[in-house]
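Here the structure is laid out as structure tokens; the discussion comes afterwards.
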Amino acid sequence: MSAQQIDDLEAIKARARATWMAGDYPRVARLTEPAANEFVARLQLKPGMKVLDVACGSGNLAIPAAKAGAIVTGVDIAPNLLDHARGRAAGETLDIRFEEGDAEDLPFEEGAFDVVLSMFGTMFAPRPEAVAGELTRVCRQGGRIALASWTPAGFIGELFSVTGRHVPPQAGVPSPLLWGDATAVRERLGARVADIRMTRILASLEFPFSVPDTIEFYRIHYGPTLRAFAGLSEAGQAALRRDLANLYVRHNKNANGTTSIAAEYLEVIATRA
């Protein structure tokens, strides 16, 4: 990799860190807590298992994993999210270790964990091959790598597409949604895993307010959406808001002034070779 590419990568990562630190991501993450609890429950973790939650955010996977008796470590690039996760763990008297770190360069020894997890997290790292290498490196032979990523064809995939028409994605960086594509995942994990099982699952996103208020909720609290709107003119913001409203109305299952969206993700359970 050239010096210019290294500089570009560092700039990309700095922007990513700032984006995820913007807004109030823990409020957004609460929407996927039920899906996170179900995801962890399906893994049937045993007490004493060493578990790593990569791109752990505010602790949606780390908390239920620790409640199952696992010895849990969480790692994320955003220090404010780690502080929130520590507060959650302390509030539930759970002993979880949280560290600042990069999914593309994890600060752990090879084979250190029985289970390596990530839900809607590592999919956003700019170098997927590096992520695949690190997820498998820190997992012991015979251990499991469990991932949950939004799919290209699901609601979040459509959301990315709508937003991308107004705010072009970072040039040269693969779409995060490829982690929700079964073919891409198989290619990325490749011979590093002995077997792999993939299942498409619907997460229910429930908002106790209208579609316009749901969009405003994301504009205020969700870093990527906040940054997308902030980079547009007043007319551009109005156009993005209109297109997002059309998308939400089309997918909204409620007719009572609240918003309920079924968002598809790909669950990947792979055994380390």
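Residue names in the structure tokens use chain letters A, B, ... in the order shown, residue numbers from 1 in each chain, and ligand numbers from 1 in the order shown.
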
* Asked: Quick one: residues within 6 Å of range 201-206 of chain A, only C-alpha atoms counted, chain neighbours fewer than 4 positions away excluded, as an MDAnalysis selection string?
  -> chainID A and resid 31 35 260:265

List every residue of range 22-232 of chain A that DSSP, applied to the backbone of this structure, places in alpha helix (DSSP H), and write the result as a VMD selection string.
chain A and resid 25 to 29 33 to 43 62 to 67 79 to 91 128 to 137 155 to 166 182 to 189 211 to 221 223 to 230

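The protein and nucleic acid residues lying at most 6 Å from range 100-113 of chain A are A:Lys50, A:Val51, A:Val75, A:Asp76, A:Ile77, A:Ala130, A:Val131, A:Arg137, A:Val138, A:Cys139, A:Arg140, with only C-alpha atoms considered and sequence neighbours fewer than 3 positions away removed.
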
Residues from last step as file, C-alpha atoms, as a compact mmCIF listing (two decimals), in the first residue's frame:
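This went into result27.txt:
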```txt
# COMPACT_ATOMS: atom_id res chain seq x y z
CA LYS A 50 -14.54 -16.29 25.91
CA VAL A 51 -16.55 -13.96 23.66
CA VAL A 75 -14.07 -3.41 21.14
CA ASP A 76 -15.07 -0.30 19.17
CA ILE A 77 -13.49 2.73 17.47
CA ALA A 130 -8.77 -7.17 6.62
CA VAL A 131 -11.88 -7.56 8.79
CA ARG A 137 -7.45 -14.80 13.45
CA VAL A 138 -8.63 -14.04 16.98
CA CYS A 139 -11.11 -16.97 16.98
CA ARG A 140 -9.76 -20.33 18.11
```

message = Report as a list of chain:residue names all protein, DNA and RNA residues lying within 12 Å of Glu129 in chain A, evaluated on only C-alpha atoms, omitting residues in the same chain fewer than 3 positions from it.
response = A:Ala103, A:Glu104, A:Asp105, A:Thr122, A:Met123, A:Ala125, A:Pro126, A:Ala132, A:Gly133, A:Glu134, A:Leu135, A:Thr136, A:Val173, A:Pro174, A:Leu178, A:Trp179, A:Ala184, A:Val185, A:Arg186, A:Glu187, A:Arg188, A:Leu189, A:Gly190, A:Arg192

* From a DSSP pass on the backbone, collect the residues of range 65-166 of chain A flagged as strand (DSSP E) and hand them back as a list in words. =>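 Result set for range 65-166 of chain A (strand (DSSP E)): Ile71, Val72, Thr73, Gly74, Val75, Asp76, Arg97, Phe98, Glu99, Glu100, Phe113, Asp114, Val115, Val116, Leu117, Ser118, Met119, Cys139, Arg140, Gln141, Gly142, Gly143, Arg144, Ile145, Ala146, Leu147, Ala148, Ser149 and Trp150 of chain A.
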
Just the selected residues (C-alpha atoms), exported as a CSV table (one decimal), in the first residue's frame, please.
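Below is the file again16.csv, written as the result:
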```csv
chain,number,residue,atom,x,y,z
A,71,ILE,CA,-16.4,-13.9,29.7
A,72,VAL,CA,-17.0,-10.9,27.4
A,73,THR,CA,-14.7,-8.3,25.7
A,74,GLY,CA,-16.1,-5.5,23.6
A,75,VAL,CA,-14.1,-3.4,21.1
A,76,ASP,CA,-15.1,-0.3,19.2
A,97,ARG,CA,-14.0,-5.5,29.4
A,98,PHE,CA,-14.4,-2.7,26.9
A,99,GLU,CA,-11.5,-1.5,24.8
A,100,GLU,CA,-11.0,1.0,22.0
A,113,PHE,CA,-11.7,-16.3,21.8
A,114,ASP,CA,-14.3,-19.1,21.6
A,115,VAL,CA,-16.8,-16.9,19.8
A,116,VAL,CA,-16.4,-13.7,17.9
A,117,LEU,CA,-19.5,-11.6,17.3
A,118,SER,CA,-20.6,-8.5,15.4
A,119,MET,CA,-24.0,-7.1,14.7
A,139,CYS,CA,-11.1,-17.0,17.0
A,140,ARG,CA,-9.8,-20.3,18.1
A,141,GLN,CA,-9.9,-23.3,15.8
A,142,GLY,CA,-13.3,-24.9,16.1
A,143,GLY,CA,-14.7,-21.6,17.5
A,144,ARG,CA,-17.5,-19.6,15.9
A,145,ILE,CA,-17.7,-16.4,14.1
A,146,ALA,CA,-21.3,-14.9,14.2
A,147,LEU,CA,-22.2,-11.9,12.2
A,148,ALA,CA,-25.4,-10.0,11.5
A,149,SER,CA,-25.4,-7.5,8.6
A,150,TRP,CA,-28.1,-5.6,6.7
```
